[in-house]
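Dumped final.txt below, it's compact mmCIF, C-alpha atoms and all ligand atoms:
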```txt
# COMPACT_ATOMS: atom_id res chain seq x y z
CA MET A 19 -49.42 -118.05 6.79
CA ASN A 20 -50.65 -119.77 9.90
CA GLY A 21 -49.80 -117.04 12.41
CA LYS A 22 -46.67 -118.83 13.60
CA GLY A 23 -44.66 -119.31 10.44
CA TYR A 24 -44.95 -119.31 6.66
CA GLY A 25 -46.33 -122.85 6.52
CA LYS A 26 -44.91 -126.21 5.56
CA THR A 27 -44.73 -125.79 1.78
CA LEU A 28 -42.99 -122.44 1.83
CA VAL A 29 -40.56 -123.48 4.57
CA PHE A 30 -39.76 -126.71 2.73
CA LEU A 31 -39.27 -124.88 -0.59
CA HIS A 32 -36.97 -122.29 1.00
CA GLY A 33 -34.83 -125.10 2.46
CA LEU A 34 -34.81 -127.04 -0.81
CA ILE A 35 -33.77 -123.94 -2.76
CA ALA A 36 -30.96 -123.26 -0.27
CA VAL A 37 -29.66 -126.86 -0.48
CA SER A 38 -29.92 -126.81 -4.31
CA ILE A 39 -27.89 -123.63 -4.55
CA PHE A 40 -25.16 -124.98 -2.29
CA PHE A 41 -25.15 -128.13 -4.45
CA LEU A 42 -24.90 -126.06 -7.66
CA PHE A 43 -21.79 -124.26 -6.40
CA PHE A 44 -20.30 -127.53 -5.20
CA SER A 45 -21.14 -129.36 -8.46
CA SER A 46 -19.54 -126.61 -10.58
CA TRP A 47 -16.27 -127.24 -8.81
CA TRP A 48 -16.79 -131.02 -9.12
CA MET A 49 -17.69 -131.02 -12.85
CA LEU A 50 -15.06 -128.51 -14.01
CA GLY A 51 -12.35 -130.28 -11.99
CA LEU A 52 -12.81 -133.48 -13.99
CA PRO A 53 -10.79 -134.18 -17.18
CA LEU A 54 -12.35 -133.03 -20.48
CA ALA A 55 -14.85 -135.44 -22.04
CA SER A 56 -13.65 -138.03 -24.54
CA THR A 57 -14.80 -141.49 -25.59
CA GLU A 58 -12.72 -142.77 -22.65
CA PHE A 59 -13.69 -140.18 -20.07
CA THR A 60 -17.45 -139.69 -19.90
CA PHE A 61 -17.73 -139.21 -16.15
CA ARG A 62 -18.12 -135.45 -16.59
CA GLU A 63 -21.62 -136.18 -17.88
CA LEU A 64 -23.27 -136.99 -14.53
CA PRO A 65 -22.20 -133.84 -12.64
CA PHE A 66 -23.02 -131.68 -15.70
CA GLN A 67 -26.46 -133.27 -16.07
CA LEU A 68 -27.16 -132.91 -12.36
CA HIS A 69 -25.99 -129.27 -12.40
CA LYS A 70 -28.22 -128.43 -15.38
CA ASN A 71 -31.26 -130.41 -14.17
CA ILE A 72 -31.17 -128.97 -10.66
CA GLY A 73 -30.50 -125.47 -12.05
CA ILE A 74 -33.52 -125.63 -14.39
CA THR A 75 -35.78 -127.12 -11.67
CA LEU A 76 -34.68 -124.31 -9.37
CA VAL A 77 -36.42 -121.76 -11.62
CA PHE A 78 -39.76 -123.55 -11.06
CA MET A 79 -39.13 -123.82 -7.30
CA LEU A 80 -38.30 -120.11 -7.19
CA GLY A 81 -41.49 -119.25 -9.10
CA LEU A 82 -43.53 -121.28 -6.60
CA LEU A 83 -41.77 -119.65 -3.62
CA LEU A 84 -42.57 -116.20 -5.03
CA TYR A 85 -46.18 -117.19 -5.70
CA LEU A 86 -46.67 -118.51 -2.15
CA ARG A 87 -44.90 -115.51 -0.63
CA LEU A 88 -47.10 -113.07 -2.59
CA LYS A 89 -50.16 -115.05 -1.60
CA TYR A 90 -49.19 -114.59 2.04
CA ARG A 91 -48.00 -111.02 1.61
CA GLN A 92 -50.05 -109.94 4.63
CA SER A 93 -47.11 -111.14 6.68
CA ASN A 94 -45.10 -108.20 5.25
CA LEU A 95 -47.21 -106.00 7.49
CA ARG A 96 -45.76 -107.55 10.62
CA SER A 97 -43.54 -104.49 11.04
CA ASP A 98 -43.40 -104.96 14.79
CA MET A 99 -40.80 -107.68 14.17
CA MET A 100 -38.42 -105.48 12.12
CA LYS A 101 -37.36 -101.81 12.09
CA PRO A 102 -38.17 -99.93 8.82
CA LEU A 103 -34.49 -99.78 7.71
CA MET A 104 -34.11 -103.49 8.35
CA GLN A 105 -37.30 -104.19 6.37
CA LYS A 106 -35.91 -102.20 3.43
CA LEU A 107 -32.54 -103.98 3.53
CA SER A 108 -34.12 -107.41 3.72
CA PHE A 109 -36.53 -106.54 0.89
CA ILE A 110 -33.63 -105.40 -1.34
CA ASN A 111 -31.67 -108.55 -0.41
CA HIS A 112 -34.59 -110.85 -1.25
CA VAL A 113 -35.32 -109.10 -4.57
CA MET A 114 -31.62 -109.37 -5.50
CA ILE A 115 -31.66 -113.09 -4.65
CA TYR A 116 -34.68 -113.66 -6.95
CA ILE A 117 -33.20 -111.60 -9.81
CA LEU A 118 -29.74 -113.14 -9.54
CA ILE A 119 -30.91 -116.76 -9.31
CA LEU A 120 -32.96 -116.15 -12.44
CA SER A 121 -30.04 -114.47 -14.25
CA VAL A 122 -27.62 -117.26 -13.26
CA CYS A 123 -30.04 -119.92 -14.48
CA ILE A 124 -30.86 -118.17 -17.77
CA SER A 125 -27.20 -117.48 -18.59
CA GLY A 126 -26.28 -121.08 -17.62
CA TYR A 127 -29.00 -122.42 -19.89
CA LEU A 128 -27.97 -120.16 -22.80
CA SER A 129 -24.31 -121.07 -22.32
CA SER A 130 -25.20 -124.76 -22.33
CA ALA A 131 -27.53 -124.33 -25.35
CA SER A 132 -24.70 -122.89 -27.46
CA THR A 133 -22.51 -126.00 -26.98
CA PRO A 134 -22.83 -129.19 -29.07
CA TRP A 135 -24.35 -131.01 -26.07
CA ASP A 136 -28.12 -131.31 -25.79
CA THR A 137 -29.98 -131.22 -22.49
CA THR A 138 -32.49 -133.87 -21.46
CA LEU A 139 -34.35 -132.65 -18.39
CA TRP A 140 -34.07 -135.36 -15.71
CA TRP A 141 -33.25 -137.86 -18.47
CA LEU A 142 -36.89 -137.61 -19.61
CA VAL A 143 -37.64 -134.48 -21.63
CA ASP A 144 -35.45 -133.42 -24.56
CA LEU A 145 -35.18 -129.64 -24.47
CA PRO A 146 -35.37 -128.03 -27.94
CA ARG A 147 -32.11 -126.84 -29.53
CA ILE A 148 -32.37 -123.05 -29.60
CA PHE A 149 -28.88 -122.30 -31.02
CA GLN A 150 -26.41 -124.04 -33.27
CA PRO A 151 -23.12 -124.69 -31.41
CA ASP A 152 -21.30 -121.36 -31.27
CA GLU A 153 -18.05 -120.91 -29.34
CA GLU A 154 -18.33 -117.09 -29.12
CA LEU A 155 -21.90 -117.20 -27.78
CA ASN A 156 -20.89 -119.91 -25.34
CA GLU A 157 -18.03 -117.77 -24.02
CA LEU A 158 -20.30 -114.73 -23.69
CA PHE A 159 -23.01 -116.54 -21.70
CA SER A 160 -20.47 -118.53 -19.73
CA GLY A 161 -18.85 -115.23 -18.65
CA ILE A 162 -22.26 -113.85 -17.58
CA HIS A 163 -22.96 -117.15 -15.77
CA ILE A 164 -19.75 -116.91 -13.76
CA TRP A 165 -20.13 -113.22 -12.83
CA THR A 166 -23.79 -113.55 -11.85
CA SER A 167 -22.85 -116.63 -9.78
CA TRP A 168 -20.30 -114.56 -7.85
CA ALA A 169 -22.84 -111.78 -7.34
CA LEU A 170 -25.37 -114.37 -6.11
CA LEU A 171 -22.79 -115.74 -3.68
CA ALA A 172 -22.29 -112.20 -2.35
CA VAL A 173 -26.02 -111.55 -1.75
CA ILE A 174 -26.44 -115.01 -0.19
CA THR A 175 -23.54 -114.22 2.16
CA ALA A 176 -25.35 -111.02 3.16
CA HIS A 177 -28.56 -113.07 3.58
CA LEU A 178 -26.79 -115.53 5.86
CA GLY A 179 -25.27 -112.61 7.79
CA GLY A 180 -28.78 -111.20 8.26
CA ALA A 181 -30.08 -114.60 9.36
CA LEU A 182 -27.28 -114.86 11.93
CA TYR A 183 -28.07 -111.36 13.20
CA HIS A 184 -31.76 -112.26 13.68
CA ALA A 185 -30.77 -115.55 15.31
CA PHE A 186 -28.69 -113.67 17.91
CA ARG A 187 -31.45 -111.12 18.46
CA ASN A 188 -33.93 -113.97 18.79
CA ASP A 189 -36.63 -111.68 17.34
CA GLY A 190 -38.79 -114.41 15.78
CA ILE A 191 -37.73 -113.78 12.15
CA ILE A 192 -35.78 -117.04 11.87
CA LYS A 193 -38.50 -119.00 13.61
CA ARG A 194 -41.14 -117.92 11.10
CA MET A 195 -38.99 -119.20 8.20
CA LEU A 196 -38.09 -122.48 9.92
CA ARG A 197 -41.28 -123.36 11.80
CA TRP A 198 -43.54 -125.96 10.16
C1 LIG B 201 -28.63 -120.47 -0.59
C2 LIG B 201 -29.24 -120.17 0.52
C3 LIG B 201 -30.50 -119.36 0.63
C4 LIG B 201 -31.28 -118.78 -0.33
C5 LIG B 201 -31.10 -118.78 -1.84
C6 LIG B 201 -32.38 -118.12 0.36
C7 LIG B 201 -33.40 -117.43 -0.28
C8 LIG B 201 -34.38 -116.71 0.36
C9 LIG B 201 -35.39 -115.92 -0.29
C10 LIG B 201 -35.55 -115.76 -1.81
C11 LIG B 201 -36.15 -115.36 0.68
C12 LIG B 201 -37.30 -114.39 0.47
C13 LIG B 201 -38.63 -115.05 0.47
C14 LIG B 201 -39.65 -113.96 0.23
O1 LIG B 201 -40.01 -113.29 1.19
O2 LIG B 201 -40.05 -113.78 -0.94
C15 LIG B 201 -35.64 -115.80 1.95
C16 LIG B 201 -36.15 -115.44 3.17
C17 LIG B 201 -35.61 -115.84 4.38
N1 LIG B 201 -34.51 -116.63 4.58
FE1 LIG B 201 -33.39 -117.48 3.17
N2 LIG B 201 -32.25 -118.32 1.72
C18 LIG B 201 -31.11 -119.08 1.92
C19 LIG B 201 -30.61 -119.53 3.12
C20 LIG B 201 -31.15 -119.21 4.35
C21 LIG B 201 -30.66 -119.72 5.62
C22 LIG B 201 -29.50 -120.72 5.80
C23 LIG B 201 -31.41 -119.15 6.59
C24 LIG B 201 -31.27 -119.37 8.06
C25 LIG B 201 -32.14 -119.91 8.77
C26 LIG B 201 -32.39 -118.29 5.94
C27 LIG B 201 -33.35 -117.54 6.57
C28 LIG B 201 -34.32 -116.79 5.95
C29 LIG B 201 -35.35 -116.05 6.66
C30 LIG B 201 -35.50 -115.97 8.16
C31 LIG B 201 -36.16 -115.46 5.68
C32 LIG B 201 -37.47 -114.65 5.88
C33 LIG B 201 -37.31 -113.31 6.41
C34 LIG B 201 -38.71 -112.73 6.58
O3 LIG B 201 -39.58 -113.40 7.09
O4 LIG B 201 -38.87 -111.61 6.16
N3 LIG B 201 -32.20 -118.36 4.57
N4 LIG B 201 -34.56 -116.62 1.73
C1 LIG B 202 -28.47 -120.74 -9.26
C2 LIG B 202 -28.16 -121.62 -10.20
C3 LIG B 202 -26.75 -121.90 -10.66
C4 LIG B 202 -25.55 -121.65 -10.05
C5 LIG B 202 -25.30 -121.04 -8.67
C6 LIG B 202 -24.51 -122.08 -10.97
C7 LIG B 202 -23.16 -121.96 -10.72
C8 LIG B 202 -22.16 -122.29 -11.61
C9 LIG B 202 -20.76 -122.07 -11.40
C10 LIG B 202 -20.15 -121.38 -10.17
C11 LIG B 202 -20.11 -122.54 -12.49
C12 LIG B 202 -18.59 -122.56 -12.71
C13 LIG B 202 -18.18 -121.46 -13.64
C14 LIG B 202 -16.70 -121.51 -13.94
O1 LIG B 202 -15.90 -121.42 -13.01
O2 LIG B 202 -16.36 -121.61 -15.14
C15 LIG B 202 -21.09 -123.09 -13.41
C16 LIG B 202 -20.81 -123.66 -14.63
C17 LIG B 202 -21.76 -124.11 -15.50
N1 LIG B 202 -23.13 -124.05 -15.34
FE1 LIG B 202 -24.10 -123.33 -13.74
N2 LIG B 202 -25.09 -122.58 -12.11
C18 LIG B 202 -26.46 -122.49 -11.97
C19 LIG B 202 -27.42 -122.86 -12.89
C20 LIG B 202 -27.15 -123.42 -14.12
C21 LIG B 202 -28.15 -123.81 -15.11
C22 LIG B 202 -29.66 -123.64 -14.96
C23 LIG B 202 -27.47 -124.32 -16.18
C24 LIG B 202 -27.98 -124.88 -17.50
C25 LIG B 202 -29.17 -125.33 -17.74
C26 LIG B 202 -26.06 -124.26 -15.88
C27 LIG B 202 -25.05 -124.69 -16.72
C28 LIG B 202 -23.72 -124.58 -16.47
C29 LIG B 202 -22.69 -125.02 -17.40
C30 LIG B 202 -22.94 -125.67 -18.76
C31 LIG B 202 -21.47 -124.71 -16.78
C32 LIG B 202 -20.05 -124.99 -17.32
C33 LIG B 202 -19.70 -124.12 -18.44
C34 LIG B 202 -19.52 -122.69 -18.07
O3 LIG B 202 -18.47 -122.33 -17.52
O4 LIG B 202 -20.45 -121.89 -18.33
N3 LIG B 202 -25.90 -123.70 -14.62
N4 LIG B 202 -22.34 -122.91 -12.85
```

When written as structure tokens, how does the structure in this file appear?
Amino acid sequence: MNGKGYGKTLVFLHGLIAVSIFFLFFSSWWMLGLPLASTEFTFRELPFQLHKNIGITLVFMLGLLLYLRLKYRQSNLRSDMMKPLMQKLSFINHVMIYILILSVCISGYLSSASTPWDTTLWWLVDLPRIFQPDEELNELFSGIHIWTSWALLAVITAHLGGALYHAFRNDGIIKRMLRW
């Protein structure tokens, strides 16, 4: 923390995570809207691969964001910028975002791992096969993936509502997350 904002890396990561999540929602609609795969129709592959690759990379980005944020946890003490109730609400919201992103990614990975299709991370690293193809397991994890995605969308909506509130109050909270 440089006294003005959270610093370049953290600000960049936060933005990248936000863009990735919007892409993941968009790509789910894109990939599932395409006709089922066959020898003739293979164009589902690209959106699926992008969805999985970005989703897996997101876990690492989230881990780094948490690490940097904990490293600069002194900034939590800047209570003059937020009332105690607001601090509690934003803390709960942020914790929920971390937990839900992780749950969505894990359930997505497990759902994908129980299909016959393997995952090659960024077309470079073959991820090990942890399950044999299993339709029931796939349905279970796919259901968890969908429900946790909806829950994530709800907490992100609250997050954006909070951001809008701080933007109107012009209390410096937005600036410290956007300033380089
Ligand atoms: C998908 C979209 C987004 C996600 C997943 C997301 C995620 C997060 C997370 C996890 C944190 C907590 C960081 C921490 O303290 O550990 C955070 C903080 C923050 N986010 Fe977002 N964010 C998103 C979009 C936005 C947008 C569009 C804005 C508007 C500018 C915004 C403004 C903020 C602010 C101001 C904070 C810091 C509040 C503080 O300093 O206490 N976020 N965000
Ligand atoms: C925050 C991260 C993620 C979000 C927001 C997200 C969101 C979604 C959404 C909304 C769907 C559509 C569900 C439906 O209507 O049936 C979906 C499908 C899917 N996602 Fe994700 N996803 C994420 C991460 C991942 C990851 C990390 C993987 C795997 C490595 C993955 C694999 C899949 C697969 C295989 C499907 C299609 C099959 C199914 O319905 O489960 N996702 N995702």

Shell of 8 Å around Leu42 in chain A, all atoms listed in the file, local chain residues under 6 positions omitted, as an NGL selection string: :A and (69 or 72-73)

Nearby residues (only C-alpha atoms) at most 12 Å from range 134-142 of chain A, same-chain spacing under 6 positions excluded, as a PyMOL selection string: chain A and resi 55+63-64+66-75+126-128+148-153+156

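Counting from CA of Lys89 in chain A, the distance to atom C33 of ligand LIG 201 (chain B) is 15.2 Å.
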
Using only C-alpha atoms: which of A:Leu107, A:Met79, A:Leu50, A:Leu171 has the shortest distance to Val122 in chain A: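 When distances to Val122 in chain A are compared using only C-alpha atoms, the smallest one comes from A:Leu171.
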
Straight-line distance linking CA of Ser125 in chain A with CA of Thr175 in chain A, stated in Å to one decimal: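 Rounded to one decimal, the two atoms are 21.3 Å apart.
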
Listed atoms of ligand LIG 201 (chain B) boxed axis-aligned with 3 Å per side, centre + edges as JSON:
```
{"center_x": -34.3, "center_y": -116.2, "center_z": 3.5, "size_x": 17.4, "size_y": 15.1, "size_z": 16.6}
```

For the point (-32.7, -107.3, 2.4) in file coordinates, what residues are within 12 Å, counting all atoms listed in the file? Give the answer as a VMD selection string? chain A and resid 100 102 to 116 173 to 181

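Put simply, CA of Leu118 in chain A is 22.2 Å away from CA of Pro65 in chain A.
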
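Between Tyr85 in chain A and the candidates A:Asn188, A:Ser160, A:Ser167, A:Thr27, the tightest atom-to-atom separation, counting only C-alpha atoms, involves A:Thr27.
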
Rebuild range 146-158 of chain A to N, CA and C atoms - output it as a PDB file, in the coordinates of the input, please.
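The resulting rebuild.pdb:
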```
ATOM      1  N   PRO A 146     -35.635-128.372 -26.525  1.00  0.00           N
ATOM      2  CA  PRO A 146     -35.370-128.030 -27.940  1.00  0.00           C
ATOM      3  C   PRO A 146     -34.025-127.326 -28.092  1.00  0.00           C
ATOM      4  N   ARG A 147     -33.390-127.520 -29.244  1.00  0.00           N
ATOM      5  CA  ARG A 147     -32.110-126.840 -29.530  1.00  0.00           C
ATOM      6  C   ARG A 147     -32.418-125.415 -29.994  1.00  0.00           C
ATOM      7  N   ILE A 148     -32.021-124.428 -29.211  1.00  0.00           N
ATOM      8  CA  ILE A 148     -32.370-123.050 -29.600  1.00  0.00           C
ATOM      9  C   ILE A 148     -31.261-122.366 -30.384  1.00  0.00           C
ATOM     10  N   PHE A 149     -30.000-122.853 -30.237  1.00  0.00           N
ATOM     11  CA  PHE A 149     -28.880-122.300 -31.020  1.00  0.00           C
ATOM     12  C   PHE A 149     -28.126-123.433 -31.671  1.00  0.00           C
ATOM     13  N   GLN A 150     -27.419-123.108 -32.764  1.00  0.00           N
ATOM     14  CA  GLN A 150     -26.410-124.040 -33.270  1.00  0.00           C
ATOM     15  C   GLN A 150     -25.174-123.829 -32.393  1.00  0.00           C
ATOM     16  N   PRO A 151     -24.333-124.873 -32.221  1.00  0.00           N
ATOM     17  CA  PRO A 151     -23.120-124.690 -31.410  1.00  0.00           C
ATOM     18  C   PRO A 151     -22.335-123.466 -31.865  1.00  0.00           C
ATOM     19  N   ASP A 152     -21.982-122.605 -30.934  1.00  0.00           N
ATOM     20  CA  ASP A 152     -21.300-121.360 -31.270  1.00  0.00           C
ATOM     21  C   ASP A 152     -20.362-120.997 -30.116  1.00  0.00           C
ATOM     22  N   GLU A 153     -19.056-121.103 -30.395  1.00  0.00           N
ATOM     23  CA  GLU A 153     -18.050-120.910 -29.340  1.00  0.00           C
ATOM     24  C   GLU A 153     -18.109-119.503 -28.731  1.00  0.00           C
ATOM     25  N   GLU A 154     -18.315-118.485 -29.621  1.00  0.00           N
ATOM     26  CA  GLU A 154     -18.330-117.090 -29.120  1.00  0.00           C
ATOM     27  C   GLU A 154     -19.508-116.852 -28.189  1.00  0.00           C
ATOM     28  N   LEU A 155     -20.691-117.346 -28.624  1.00  0.00           N
ATOM     29  CA  LEU A 155     -21.900-117.200 -27.780  1.00  0.00           C
ATOM     30  C   LEU A 155     -21.698-117.914 -26.454  1.00  0.00           C
ATOM     31  N   ASN A 156     -21.123-119.119 -26.538  1.00  0.00           N
ATOM     32  CA  ASN A 156     -20.890-119.910 -25.340  1.00  0.00           C
ATOM     33  C   ASN A 156     -20.006-119.135 -24.359  1.00  0.00           C
ATOM     34  N   GLU A 157     -18.940-118.522 -24.896  1.00  0.00           N
ATOM     35  CA  GLU A 157     -18.030-117.770 -24.020  1.00  0.00           C
ATOM     36  C   GLU A 157     -18.742-116.567 -23.402  1.00  0.00           C
ATOM     37  N   LEU A 158     -19.576-115.900 -24.198  1.00  0.00           N
ATOM     38  CA  LEU A 158     -20.300-114.730 -23.690  1.00  0.00           C
ATOM     39  C   LEU A 158     -21.204-115.128 -22.515  1.00  0.00           C
TER      40      LEU A 158
END
```
